[in-house]
>>> print(open('work.txt').read())   # compact mmCIF, C-alpha atoms
# COMPACT_ATOMS: atom_id res chain seq x y z
CA ALA A 1 42.47 72.24 34.05
CA ASP A 2 39.99 69.39 34.56
CA TYR A 3 41.87 68.15 37.61
CA VAL A 4 42.10 71.60 39.17
CA ALA A 5 38.35 72.04 38.64
CA ILE A 6 37.67 68.66 40.27
CA LEU A 7 39.82 69.60 43.28
CA ARG A 8 38.01 72.91 43.77
CA HIS A 9 34.56 71.38 43.39
CA ALA A 10 35.40 68.56 45.81
CA ALA A 11 36.81 71.01 48.37
CA ALA A 12 33.56 73.00 48.26
CA LEU A 13 31.75 69.75 49.16
CA HIS A 14 34.24 68.93 51.96
CA ILE A 15 35.64 65.97 49.99
CA ASP A 16 39.35 65.16 49.91
CA VAL A 17 40.64 63.96 46.55
CA ILE A 18 43.45 61.40 46.88
CA PRO A 19 45.23 60.98 43.54
CA GLU A 20 46.57 57.53 42.72
CA ILE A 21 49.73 57.25 40.60
CA GLU A 22 50.53 53.53 40.33
CA MET A 23 54.14 52.47 40.82
CA PRO A 24 56.09 50.34 40.17
CA GLY A 25 53.36 48.11 38.68
CA HIS A 26 50.31 49.03 36.64
CA ALA A 27 52.56 51.59 34.96
CA ARG A 28 52.58 50.29 31.40
CA ALA A 29 51.34 53.52 29.81
CA ALA A 30 54.18 55.48 31.41
CA VAL A 31 56.79 52.78 30.77
CA ARG A 32 55.96 52.45 27.08
CA ALA A 33 55.55 56.19 26.49
CA MET A 34 58.93 56.97 28.03
CA GLU A 35 60.53 54.11 26.09
CA VAL A 36 59.24 55.58 22.82
CA ARG A 37 60.44 59.02 23.88
CA SER A 38 63.90 57.69 24.67
CA ARG A 39 64.17 55.95 21.28
CA ARG A 40 63.01 59.06 19.45
CA LEU A 41 65.59 61.24 21.21
CA ALA A 42 68.32 58.67 20.56
CA GLN A 43 67.49 58.68 16.86
CA ALA A 44 67.74 62.47 16.95
CA GLY A 45 71.25 62.17 18.38
CA ARG A 46 70.47 63.25 21.94
CA PRO A 47 73.24 61.86 24.19
CA ASP A 48 70.95 61.95 27.24
CA ALA A 49 68.12 59.93 25.67
CA GLN A 50 68.46 57.07 28.18
CA ARG A 51 67.69 59.33 31.15
CA PHE A 52 63.99 59.20 30.31
CA ARG A 53 63.59 55.41 30.41
CA LEU A 54 61.60 53.62 33.10
CA ASN A 55 62.67 50.14 31.97
CA ASP A 56 66.08 48.56 31.48
CA PRO A 57 66.43 47.68 27.76
CA GLN A 58 68.67 44.75 28.76
CA ASP A 59 66.11 43.31 31.21
CA GLN A 60 65.43 39.62 30.42
CA SER A 61 63.22 38.99 33.46
CA VAL A 62 60.30 36.63 32.96
CA TYR A 63 57.07 37.75 34.60
CA ARG A 64 53.45 38.43 33.77
CA SER A 65 50.94 40.74 35.39
CA PRO A 66 47.39 39.60 36.28
CA GLN A 67 46.36 41.57 33.18
CA LEU A 68 48.84 39.45 31.14
CA TYR A 69 51.38 42.23 30.53
CA ARG A 70 55.14 41.61 30.51
CA ASP A 71 56.26 45.24 30.23
CA HIS A 72 54.34 47.20 32.87
CA LEU A 73 56.91 47.71 35.64
CA MET A 74 59.17 50.62 36.47
CA ASP A 75 62.73 49.48 37.16
CA PRO A 76 63.97 50.40 40.66
CA GLY A 77 67.59 50.15 39.49
CA LEU A 78 67.33 53.16 37.17
CA ALA A 79 67.96 56.71 38.41
CA SER A 80 65.62 57.85 35.61
CA THR A 81 62.74 56.07 37.38
CA TYR A 82 63.05 58.35 40.41
CA ALA A 83 63.57 61.44 38.26
CA PHE A 84 60.33 60.64 36.47
CA ILE A 85 58.42 60.09 39.73
CA ASP A 86 59.76 63.34 41.17
CA THR A 87 58.63 65.23 38.07
CA VAL A 88 55.14 63.73 38.19
CA VAL A 89 54.67 64.40 41.91
CA ARG A 90 56.02 67.95 41.55
CA GLU A 91 53.52 68.71 38.77
CA LEU A 92 50.71 67.07 40.75
CA ALA A 93 51.53 69.15 43.83
CA ALA A 94 51.55 72.30 41.68
CA MET A 95 48.01 71.57 40.46
CA HIS A 96 46.88 71.12 44.05
CA ARG A 97 48.42 74.46 45.01
CA GLU A 98 46.71 76.13 42.06
CA ALA A 99 43.39 74.74 43.27
CA GLY A 100 44.06 75.93 46.82
CA VAL A 101 44.03 72.33 48.07
CA PRO A 102 47.47 71.14 49.24
CA LEU A 103 48.57 67.64 48.24
CA ARG A 104 48.61 65.78 51.56
CA THR A 105 48.28 62.12 50.51
CA LEU A 106 49.61 60.35 47.42
CA HIS A 107 48.25 56.88 46.72
CA VAL A 108 50.93 54.90 44.89
CA GLY A 109 49.02 51.68 44.25
CA ALA A 110 51.89 49.30 45.00
CA ASP A 111 49.81 46.24 44.10
CA GLU A 112 50.29 43.29 41.77
CA ALA A 113 54.03 43.35 41.20
CA PRO A 114 54.45 39.79 39.86
CA ASN A 115 57.02 37.19 40.83
CA GLY A 116 60.08 37.23 38.60
CA ALA A 117 60.23 41.01 38.20
CA TRP A 118 63.73 42.59 38.00
CA GLU A 119 65.52 39.25 38.47
CA ARG A 120 67.41 39.64 35.17
CA SER A 121 67.60 43.41 34.94
CA PRO A 122 71.27 44.50 34.86
CA ALA A 123 70.30 47.83 36.42
CA SER A 124 68.43 46.17 39.29
CA LEU A 125 71.11 43.52 39.77
CA ALA A 126 73.70 46.29 40.07
CA LEU A 127 71.56 48.01 42.70
CA MET A 128 71.20 44.71 44.58
CA ARG A 129 74.99 44.36 44.70
CA GLN A 130 75.17 47.91 46.03
CA LEU A 131 72.58 47.07 48.69
CA LYS A 132 74.45 43.82 49.47
CA THR A 133 71.36 41.66 48.97
CA SER A 134 70.25 38.77 46.77
CA ASP A 135 66.53 39.25 47.48
CA THR A 136 64.46 41.35 45.09
CA ALA A 137 62.15 42.12 48.04
CA ASP A 138 64.91 44.47 49.21
CA LEU A 139 64.55 46.35 45.91
CA TRP A 140 60.93 46.93 46.91
CA ASP A 141 62.01 48.47 50.21
CA HIS A 142 64.61 50.63 48.51
CA PHE A 143 62.14 51.79 45.87
CA TYR A 144 59.52 52.92 48.35
CA GLY A 145 62.11 54.46 50.63
CA GLN A 146 63.06 56.69 47.68
CA VAL A 147 59.44 57.37 46.73
CA GLN A 148 58.65 58.30 50.33
CA GLN A 149 61.43 60.89 50.30
CA ILE A 150 60.10 62.33 47.04
CA ALA A 151 56.56 62.58 48.42
CA GLN A 152 57.78 64.20 51.64
CA ARG A 153 59.67 66.84 49.68
CA HIS A 154 56.35 67.82 48.13
CA GLY A 155 54.44 67.75 51.41
CA ALA A 156 52.65 64.41 50.95
CA ARG A 157 52.52 61.10 52.79
CA LEU A 158 52.24 57.76 51.02
CA ALA A 159 49.18 55.53 50.80
CA GLY A 160 48.69 52.36 48.82
CA TRP A 161 47.20 48.90 48.74
CA GLU A 162 48.32 46.47 51.43
CA GLU A 163 51.37 45.38 49.43
CA LEU A 164 52.90 48.78 50.24
CA GLY A 165 53.36 47.67 53.86
CA ALA A 166 53.69 43.93 53.32
CA ARG A 167 56.61 41.69 52.51
CA LYS A 168 56.27 38.49 50.51
CA VAL A 169 57.88 35.47 52.17
CA LYS A 170 57.75 31.71 51.70
CA LEU A 171 55.84 29.56 54.19
CA ARG A 172 55.83 25.81 53.51
CA GLY A 173 56.65 26.58 49.88
CA GLN A 174 53.78 29.05 49.45
CA ASP A 175 53.90 32.84 49.09
CA LYS A 176 52.59 34.63 52.18
CA LEU A 177 52.33 38.32 53.00
CA ILE A 178 53.56 39.49 56.39
CA PRO A 179 53.78 43.03 57.81
CA ASN A 180 56.95 44.66 56.54
CA PRO A 181 58.91 45.97 59.54
CA ARG A 182 60.80 48.39 57.28
CA PHE A 183 57.97 50.95 57.05
CA ILE A 184 56.16 50.60 60.38
CA GLY A 185 55.88 54.03 61.94
CA GLN A 186 56.66 55.78 58.64
CA GLY A 187 53.12 57.09 58.13
CA PHE A 188 52.20 54.73 55.28
CA ARG A 189 48.43 54.27 54.97
CA LEU A 190 47.34 50.90 53.67
CA TYR A 191 44.08 50.15 51.86
CA VAL A 192 43.58 46.44 52.51
CA TRP A 193 41.51 44.63 49.88
CA ASN A 194 42.77 41.09 50.32
CA ASN A 195 40.60 38.97 52.60
CA THR A 196 40.47 36.04 50.19
CA GLU A 197 41.40 32.50 51.18
CA GLY A 198 44.75 32.44 52.96
CA ALA A 199 44.68 36.18 53.70
CA GLU A 200 41.48 36.45 55.71
CA ASP A 201 43.21 38.20 58.61
CA LEU A 202 45.83 40.20 56.68
CA ALA A 203 44.18 43.53 57.54
CA HIS A 204 44.18 42.62 61.23
CA ARG A 205 47.83 41.58 61.18
CA LEU A 206 48.89 44.80 59.45
CA ALA A 207 46.94 46.96 61.90
CA ASN A 208 48.21 45.01 64.89
CA ALA A 209 51.75 45.61 63.60
CA GLY A 210 51.16 49.37 63.63
CA TYR A 211 50.12 50.27 60.09
CA PRO A 212 47.17 52.69 59.75
CA ILE A 213 44.69 50.89 57.49
CA VAL A 214 41.52 51.45 55.53
CA LEU A 215 39.36 48.34 55.29
CA ALA A 216 38.27 47.58 51.72
CA PRO A 217 37.69 43.79 51.73
CA ALA A 218 37.02 42.47 48.25
CA THR A 219 34.47 39.88 49.37
CA ARG A 220 32.30 42.52 51.04
CA LEU A 221 33.04 46.05 49.80
CA TYR A 222 34.08 45.67 46.15
CA PHE A 223 31.16 47.18 44.28
CA ASP A 224 32.34 45.98 40.89
CA MET A 225 31.36 42.49 42.09
CA ALA A 226 28.04 41.19 40.79
CA HIS A 227 25.20 41.11 43.30
CA ASN A 228 24.53 37.42 42.66
CA ALA A 229 25.22 34.56 40.25
CA ASN A 230 22.44 35.41 37.78
CA PRO A 231 24.21 35.59 34.37
CA ASP A 232 22.20 38.73 33.54
CA GLU A 233 23.53 40.52 36.62
CA PRO A 234 26.36 42.93 35.67
CA GLY A 235 29.70 42.80 37.42
CA VAL A 236 32.59 40.42 38.05
CA ASN A 237 32.85 37.56 40.53
CA TRP A 238 36.51 36.69 41.13
CA ALA A 239 36.24 37.50 44.86
CA ALA A 240 32.59 36.90 45.69
CA TYR A 241 29.01 37.82 44.93
CA THR A 242 28.18 40.86 47.04
CA ASP A 243 24.56 41.81 47.57
CA VAL A 244 23.26 44.56 49.86
CA ASP A 245 22.94 42.15 52.77
CA ALA A 246 26.59 41.11 52.44
CA VAL A 247 27.66 44.74 52.82
CA PHE A 248 25.18 45.34 55.65
CA SER A 249 26.49 42.25 57.48
CA PHE A 250 30.17 43.28 57.40
CA ILE A 251 31.55 44.00 60.88
CA PRO A 252 34.77 46.05 60.58
CA PHE A 253 36.43 45.05 63.86
CA ASP A 254 35.51 41.38 63.67
CA ASP A 255 36.71 38.46 61.59
CA LEU A 256 36.56 39.54 57.94
CA ARG A 257 34.99 36.27 56.79
CA LYS A 258 32.51 35.97 59.64
CA THR A 259 28.78 35.94 58.93
CA PRO A 260 25.76 36.25 61.23
CA THR A 261 25.13 32.51 60.94
CA GLN A 262 28.81 31.67 61.54
CA PRO A 263 29.66 33.95 64.48
CA ALA A 264 32.77 32.16 65.70
CA PRO A 265 36.05 33.34 64.10
CA LEU A 266 37.69 30.96 61.69
CA PRO A 267 40.41 28.93 63.46
CA GLY A 268 44.00 30.07 63.21
CA LEU A 269 43.26 33.70 62.36
CA ASP A 270 44.45 36.74 64.26
CA GLY A 271 41.84 39.17 65.51
CA LEU A 272 42.26 42.90 65.96
CA THR A 273 43.91 43.89 69.21
CA SER A 274 42.86 47.06 71.02
CA PHE A 275 46.01 48.67 69.56
CA GLY A 276 45.09 47.41 66.10
CA GLN A 277 41.57 48.83 66.36
CA ARG A 278 43.05 52.29 66.84
CA GLN A 279 44.88 51.90 63.50
CA VAL A 280 41.64 51.45 61.50
CA LEU A 281 40.99 54.77 59.73
CA GLY A 282 37.74 53.79 58.07
CA LEU A 283 36.09 51.76 55.32
CA GLU A 284 36.23 52.01 51.54
CA GLY A 285 33.67 50.85 49.02
CA THR A 286 35.68 50.17 45.87
CA LEU A 287 34.41 50.29 42.30
CA PHE A 288 36.85 49.54 39.49
CA SER A 289 35.27 51.01 36.41
CA GLU A 290 36.70 49.11 33.43
CA THR A 291 33.32 47.40 32.95
CA VAL A 292 31.28 50.53 33.76
CA ARG A 293 30.37 52.32 30.54
CA THR A 294 27.41 54.49 31.57
CA VAL A 295 26.19 56.59 34.49
CA GLU A 296 23.26 54.19 34.82
CA ARG A 297 25.64 51.25 35.30
CA LEU A 298 27.63 53.28 37.84
CA ASP A 299 24.47 53.93 39.87
CA HIS A 300 23.45 50.26 39.58
CA GLN A 301 26.77 49.05 41.01
CA LEU A 302 26.95 51.62 43.81
CA MET A 303 23.39 51.97 45.05
CA PRO A 304 21.97 50.91 47.40
CA ARG A 305 25.10 49.02 48.49
CA LEU A 306 26.73 52.37 49.29
CA LEU A 307 23.97 53.06 51.81
CA ALA A 308 24.68 49.75 53.57
CA LEU A 309 28.36 50.74 53.68
CA ALA A 310 27.40 54.04 55.33
CA GLU A 311 25.46 52.09 57.96
CA ARG A 312 28.49 49.97 58.80
CA ALA A 313 30.97 52.86 58.66
CA TRP A 314 29.06 55.31 60.85
CA ALA A 315 26.79 53.25 63.13
CA ALA A 316 27.81 51.29 66.22
CA ASP A 317 28.41 47.58 65.78
CA PRO A 318 25.02 45.82 65.92
CA ALA A 319 23.96 43.39 68.63
CA TRP A 320 24.39 40.31 66.44
CA ALA A 321 28.12 41.08 66.11
CA ARG A 322 28.56 40.62 69.87
CA GLU A 323 26.46 37.45 70.09
CA ARG A 324 28.37 34.16 70.10
CA ASP A 325 25.35 31.89 69.91
CA ALA A 326 24.69 31.22 66.20
CA ALA A 327 20.90 30.95 66.49
CA LYS A 328 20.60 34.16 68.52
CA ALA A 329 22.99 35.96 66.19
CA ALA A 330 20.90 34.94 63.18
CA ARG A 331 17.69 36.19 64.82
CA LEU A 332 19.26 39.52 65.80
CA HIS A 333 20.65 39.92 62.30
CA ALA A 334 17.24 39.23 60.74
CA GLN A 335 15.64 41.85 62.98
CA ALA A 336 18.30 44.45 62.17
CA TRP A 337 18.05 43.72 58.45
CA SER A 338 14.27 44.12 58.56
CA VAL A 339 14.62 47.59 60.13
CA PHE A 340 17.28 48.63 57.61
CA ALA A 341 15.37 47.24 54.60
CA ASN A 342 12.19 49.06 55.63
CA GLN A 343 14.02 52.34 56.13
CA LEU A 344 15.72 51.89 52.77
CA GLY A 345 12.63 50.91 50.79
CA LYS A 346 10.11 53.23 52.40
CA ARG A 347 12.11 56.33 53.29
CA VAL A 348 15.55 56.65 51.68
CA LEU A 349 14.97 55.39 48.14
CA PRO A 350 11.67 57.33 47.78
CA ARG A 351 13.59 60.46 48.69
CA LEU A 352 16.17 59.70 46.00
CA ASP A 353 13.34 59.17 43.52
CA ALA A 354 11.90 62.57 44.43
CA ASP A 355 15.11 64.61 44.71
CA GLY A 356 17.74 62.79 42.64
CA VAL A 357 21.08 64.58 42.42
CA ALA A 358 22.32 67.62 40.52
CA GLY A 359 23.05 65.50 37.45
CA GLY A 360 19.64 63.86 37.36
CA PRO A 361 17.94 60.80 38.85
CA ILE A 362 19.86 58.00 40.56
CA HIS A 363 19.39 54.70 38.75
CA TYR A 364 19.89 52.51 41.80
CA ARG A 365 19.54 48.75 41.46
CA MET A 366 16.10 47.26 41.94
CA ALA A 367 16.46 43.54 42.44
CA PRO A 368 14.36 41.23 40.23
CA PRO A 369 11.37 39.91 42.22
CA GLY A 370 11.48 36.41 43.62
CA LEU A 371 8.87 34.09 42.05
CA ARG A 372 7.61 30.64 43.00
CA VAL A 373 4.80 28.59 41.46
CA GLN A 374 2.67 26.94 44.12
CA ASP A 375 -0.85 25.50 44.01
CA GLY A 376 -1.61 27.04 40.62
CA ARG A 377 -0.52 30.52 41.69
CA VAL A 378 2.70 32.51 41.43
CA LEU A 379 3.97 33.75 44.78
CA VAL A 380 5.92 37.02 44.54
CA ASN A 381 8.30 38.76 46.92
CA HIS A 382 10.99 41.43 46.86
CA PRO A 383 13.94 42.02 49.24
CA LEU A 384 12.95 45.67 49.79
CA PRO A 385 9.46 46.97 50.57
CA GLY A 386 7.93 50.03 48.95
CA PHE A 387 8.17 49.18 45.26
CA THR A 388 5.19 48.60 43.00
CA LEU A 389 5.33 45.11 41.46
CA ARG A 390 3.67 44.78 38.04
CA TYR A 391 3.19 41.68 35.89
CA THR A 392 2.25 40.38 32.45
CA THR A 393 1.01 36.92 31.47
CA ASP A 394 2.37 36.68 27.92
CA ASP A 395 6.14 36.88 28.64
CA SER A 396 6.24 40.56 27.61
CA GLU A 397 8.12 43.04 29.75
CA PRO A 398 5.88 44.78 32.31
CA THR A 399 5.26 48.51 31.88
CA VAL A 400 3.69 51.17 34.10
CA ALA A 401 0.37 50.19 32.51
CA SER A 402 0.68 46.51 33.49
CA ALA A 403 -1.39 44.90 36.24
CA VAL A 404 -0.24 45.38 39.82
CA VAL A 405 0.61 42.39 42.02
CA THR A 406 -1.72 42.39 45.04
CA ASP A 407 -1.15 40.47 48.26
CA SER A 408 2.12 39.07 46.83
CA VAL A 409 0.20 36.64 44.62
CA VAL A 410 -0.48 36.39 40.87
CA ALA A 411 -3.42 34.03 40.29
CA ALA A 412 -3.20 34.13 36.49
CA ARG A 413 -1.88 31.40 34.18
CA GLY A 414 0.76 31.68 31.48
CA ARG A 415 4.32 32.93 31.33
CA ILE A 416 4.21 35.35 34.24
CA ARG A 417 6.81 38.11 34.15
CA VAL A 418 7.12 40.47 37.12
CA ALA A 419 9.20 43.62 37.62
CA ALA A 420 9.62 46.20 40.38
CA PHE A 421 8.91 49.86 39.60
CA ASP A 422 10.13 52.92 41.49
CA ARG A 423 8.01 56.00 42.21
CA ASN A 424 8.99 57.57 38.88
CA GLY A 425 7.89 54.54 36.85
CA ARG A 426 11.39 53.17 36.20
CA ALA A 427 11.48 49.38 36.03
CA GLY A 428 14.09 46.99 37.36
CA ARG A 429 15.01 43.73 35.67
CA SER A 430 12.08 41.34 35.47
CA SER A 431 11.70 37.73 36.59
CA LEU A 432 9.84 34.97 34.75
CA ALA A 433 7.78 32.03 36.01
CA HIS A 434 5.78 29.57 33.91
CA ASN A 435 2.39 28.74 35.43
CA PRO A 436 0.75 26.33 32.92
>>> encode(input="work.txt", output="C-alpha cells")
Amino acid sequence: ADYVAILRHAAALHIDVIPEIEMPGHARAAVRAMEVRSRRLAQAGRPDAQRFRLNDPQDQSVYRSPQLYRDHLMDPGLASTYAFIDTVVRELAAMHREAGVPLRTLHVGADEAPNGAWERSPASLALMRQLKTSDTADLWDHFYGQVQQIAQRHGARLAGWEELGARKVKLRGQDKLIPNPRFIGQGFRLYVWNNTEGAEDLAHRLANAGYPIVLAPATRLYFDMAHNANPDEPGVNWAAYTDVDAVFSFIPFDDLRKTPTQPAPLPGLDGLTSFGQRQVLGLEGTLFSETVRTVERLDHQLMPRLLALAERAWAADPAWARERDAAKAARLHAQAWSVFANQLGKRVLPRLDADGVAGGPIHYRMAPPGLRVQDGRVLVNHPLPGFTLRYTTDDSEPTVASAVVTDSVVAARGRIRVAAFDRNGRAGRSSLAHNP
C-alpha cells in the first residue's frame, strides 16, 4: 500500500519511480530468508522445499563482499533463482498497474559481485558445463539474459550500475572493466558511478560502445560524500570530498577527472565521441542513506549541491569547459562561480527560507565561515553571500542575539566563534579562531 501511494503521488508530480531490486549481489536478505523458508519446509516434510532456495547448499566458493558478507549472492545455476525473480517482478508490476503507472524500467543493481563467486557451486559448475565454458563471467551473461527475458515479459527494460554492461577481464594481471558486447543494443541502461583511478573514462567507453548511460560519477555527484575533510563534517570520503564547487565544475561531456585548473584531458583516456554523446541520458546525484538518520541530515547532504547539479544537467556547457588555456579557464570558471554563488545566496536560498516545502523548512548546509587572524583582527569570509554572520568572544556558540560581523572583520580579542545564520535565524556550524 505504501509503494502504490508513492507511485501515485510521484506520478501527480510528473516523477518516474524506478524500483531497484538488487541481483545477484546485495541480495543477502532475500538469500537468507529463502534459505530459512526452505529449511522450514523441509523439516515439515515438503518434498519441494529446495525450489525456494537462492543459494546452493553445497557451494564452497570463497568470496567476500565490500560489506564483508560471504552469503549475499543469488546462484545463477539454480532454476529457483529465476522463479524467485519472476515472482518478485510480477508482484512489482502488479503494484504499478494498481497505481495506474506501468512498470517500464527495473533497476537490478548488478554491482559488487566479488571475485570467487560461484567457482565451487555444484549448481553453477553444472550450468557452466551446459554452456560449454570455464569462465564464471559467462554465468553473468547467462543470468542477465534470463533476467532480461523476465523483465520483458512484464513490460520492463533493465537498468543497473555499469557492471550490468561491463565484463571483467585481466590486463597485465589487473582486473579491468570493458564494455560487454553481449548486451549492446539490448536496451540496457547503465548508471555509471565509477570514475575512480583506473576507471576515469569507463562511462565514455561504455557510451562509445553503444550503451545508453546515466552519469553518476562518485567523485563529483555522490552526495553521501563529505563536503570537505573537516572531521565534524558528516558523510563518507572513500571516493572524494565533494563540495558545491566540485559539483558545479563537473562537465558531463568532458573528461570526468578534469578540473578548471587542469583543462587538458588526462593522457591515455578515451573521450566521448559524437555517437557516445547521444547515448548520455542525463545525470544522477546519488545519496546512499545508511548514514542518514534524520530529515535534517538528508537536507544537509543534498542542498545546495542538488542545485549545482541542476545547473550542470540543464544549462549549456560553460565557457571554461571549452577553453584549453589553463589560466583563461581558471578565470572563466571564477567568473561563472561568482555569478552562480550570488544567485544561490541572494535569490534561491532566501526563497527556500521563505517558502520551504510541504513538509517544512529545508535545512540546507551552511558552510562554516572561514577565519584568519591577521594584525590583531579576525578576518571572516563565507563561500556564499547573503547570510548574516554572528560572533561571540568567549568560545560560546553564536545565537541570533550575538553581535553581527561587519565589513568581514571582527576586531575583538578572545576565542572568536563565528557562525552563518539564514533568514529564519537557523545557524550553521561555527568556526573558531583564537585572537589573544
>>> residues_near_point(input="work.txt", point="(41.4, 38.4, 35.6)", cutoff="12 Å", atoms="only C-alpha atoms", output="ChimeraX atom specification")
/A:65-69,112,236-239,290
>>> closest_residue(input="work.txt", among="A:Gln277, A:Val147, A:Ala113, A:Arg129", to="Lys168 (chain A)", atoms="all atoms listed in the file")
A:Ala113
>>> residues_around(input="work.txt", residues="region 7-17 of chain A", least_positions_apart="6", cutoff="9 Å", atoms="only C-alpha atoms", output="VMD selection string")
chain A and resid 95 to 96 99 to 101 103 105
>>> residues_around(input="work.txt", residues="Trp140 (chain A)", least_positions_apart="4", cutoff="9 Å", atoms="only C-alpha atoms", output="ChimeraX atom specification")
/A:24,76,136,144-145,164,167
>>> closest_residue(input="work.txt", among="A:Leu171, A:Ala49, A:Val4, A:Leu73", to="Arg97 (chain A)", atoms="only C-alpha atoms")
A:Val4
>>> residues_near_point(input="work.txt", point="(42.0, 41.3, 60.8)", cutoff="12 Å", atoms="all atoms listed in the file", output="VMD selection string")
chain A and resid 192 to 196 199 to 209 213 to 217 251 to 258 265 to 266 268 to 274 276 to 277 279 to 280
>>> write_last_selection(input="work.txt", atoms="C-alpha atoms", output="PDB file, in the frame of the given file")
ATOM      1  CA  VAL A 192      43.580  46.440  52.510  1.00  0.00           C
ATOM      2  CA  TRP A 193      41.510  44.630  49.880  1.00  0.00           C
ATOM      3  CA  ASN A 194      42.770  41.090  50.320  1.00  0.00           C
ATOM      4  CA  ASN A 195      40.600  38.970  52.600  1.00  0.00           C
ATOM      5  CA  THR A 196      40.470  36.040  50.190  1.00  0.00           C
ATOM      6  CA  ALA A 199      44.680  36.180  53.700  1.00  0.00           C
ATOM      7  CA  GLU A 200      41.480  36.450  55.710  1.00  0.00           C
ATOM      8  CA  ASP A 201      43.210  38.200  58.610  1.00  0.00           C
ATOM      9  CA  LEU A 202      45.830  40.200  56.680  1.00  0.00           C
ATOM     10  CA  ALA A 203      44.180  43.530  57.540  1.00  0.00           C
ATOM     11  CA  HIS A 204      44.180  42.620  61.230  1.00  0.00           C
ATOM     12  CA  ARG A 205      47.830  41.580  61.180  1.00  0.00           C
ATOM     13  CA  LEU A 206      48.890  44.800  59.450  1.00  0.00           C
ATOM     14  CA  ALA A 207      46.940  46.960  61.900  1.00  0.00           C
ATOM     15  CA  ASN A 208      48.210  45.010  64.890  1.00  0.00           C
ATOM     16  CA  ALA A 209      51.750  45.610  63.600  1.00  0.00           C
ATOM     17  CA  ILE A 213      44.690  50.890  57.490  1.00  0.00           C
ATOM     18  CA  VAL A 214      41.520  51.450  55.530  1.00  0.00           C
ATOM     19  CA  LEU A 215      39.360  48.340  55.290  1.00  0.00           C
ATOM     20  CA  ALA A 216      38.270  47.580  51.720  1.00  0.00           C
ATOM     21  CA  PRO A 217      37.690  43.790  51.730  1.00  0.00           C
ATOM     22  CA  ILE A 251      31.550  44.000  60.880  1.00  0.00           C
ATOM     23  CA  PRO A 252      34.770  46.050  60.580  1.00  0.00           C
ATOM     24  CA  PHE A 253      36.430  45.050  63.860  1.00  0.00           C
ATOM     25  CA  ASP A 254      35.510  41.380  63.670  1.00  0.00           C
ATOM     26  CA  ASP A 255      36.710  38.460  61.590  1.00  0.00           C
ATOM     27  CA  LEU A 256      36.560  39.540  57.940  1.00  0.00           C
ATOM     28  CA  ARG A 257      34.990  36.270  56.790  1.00  0.00           C
ATOM     29  CA  LYS A 258      32.510  35.970  59.640  1.00  0.00           C
ATOM     30  CA  PRO A 265      36.050  33.340  64.100  1.00  0.00           C
ATOM     31  CA  LEU A 266      37.690  30.960  61.690  1.00  0.00           C
ATOM     32  CA  GLY A 268      44.000  30.070  63.210  1.00  0.00           C
ATOM     33  CA  LEU A 269      43.260  33.700  62.360  1.00  0.00           C
ATOM     34  CA  ASP A 270      44.450  36.740  64.260  1.00  0.00           C
ATOM     35  CA  GLY A 271      41.840  39.170  65.510  1.00  0.00           C
ATOM     36  CA  LEU A 272      42.260  42.900  65.960  1.00  0.00           C
ATOM     37  CA  THR A 273      43.910  43.890  69.210  1.00  0.00           C
ATOM     38  CA  SER A 274      42.860  47.060  71.020  1.00  0.00           C
ATOM     39  CA  GLY A 276      45.090  47.410  66.100  1.00  0.00           C
ATOM     40  CA  GLN A 277      41.570  48.830  66.360  1.00  0.00           C
ATOM     41  CA  GLN A 279      44.880  51.900  63.500  1.00  0.00           C
ATOM     42  CA  VAL A 280      41.640  51.450  61.500  1.00  0.00           C
TER      43      VAL A 280
END
>>> closest_residue(input="work.txt", among="A:Ala354, A:Met366, A:Leu379, A:Ala321", to="Phe421 (chain A)", atoms="all atoms listed in the file")
A:Met366
>>> atom_distance(input="work.txt", atom1="CA of Ala341 (chain A)", atom2="CA of Tyr391 (chain A)")
23.0 Å
>>> closest_residue(input="work.txt", among="A:Tyr82, A:Tyr364, A:Phe250, A:Phe275", to="Pro318 (chain A)", atoms="all atoms listed in the file")
A:Phe250
>>> residues_around(input="work.txt", residues="region 115-128 of chain A", least_positions_apart="6", cutoff="6 Å", atoms="all atoms listed in the file", output="MDAnalysis selection string")
chainID A and resid 59:63 77
>>> atom_distance(input="work.txt", atom1="CA of Asn424 (chain A)", atom2="CA of Ala226 (chain A)")
25.2 Å
>>> closest_residue(input="work.txt", among="A:His382, A:Arg189, A:Arg297, A:Arg377", to="Gly282 (chain A)", atoms="all atoms listed in the file")
A:Arg189
>>> closest_residue(input="work.txt", among="A:Glu98, A:Asp299, A:Asp245, A:Glu311", to="Ala1 (chain A)", atoms="all atoms listed in the file")
A:Glu98
>>> atom_distance(input="work.txt", atom1="CA of Pro436 (chain A)", atom2="CA of Asn230 (chain A)")
24.0 Å
>>> residues_around(input="work.txt", residues="Thr393 (chain A)", least_positions_apart="3", cutoff="10 Å", atoms="only C-alpha atoms", output="number ranges by chain")
A: 396-398, 402-403, 410, 412-418, 432-435
>>> axis_aligned_box(input="work.txt", around="region 84-88 of chain A", padding_each_side="5 Å", output="lines of an AutoDock Vina configuration file")
center_x = 57.7
center_y = 62.7
center_z = 38.8
size_x = 15.2
size_y = 15.1
size_z = 14.7
>>> residues_around(input="work.txt", residues="Glu20 (chain A)", least_positions_apart="2", cutoff="9 Å", atoms="all atoms listed in the file", output="compact mmCIF listing (two decimals) with C-alpha atoms, in the coordinates of the input")
# COMPACT_ATOMS: atom_id res chain seq x y z
CA ILE A 18 43.45 61.40 46.88
CA GLU A 22 50.53 53.53 40.33
CA LEU A 106 49.61 60.35 47.42
CA HIS A 107 48.25 56.88 46.72
CA VAL A 108 50.93 54.90 44.89
CA GLY A 109 49.02 51.68 44.25
CA ALA A 159 49.18 55.53 50.80
CA GLY A 160 48.69 52.36 48.82
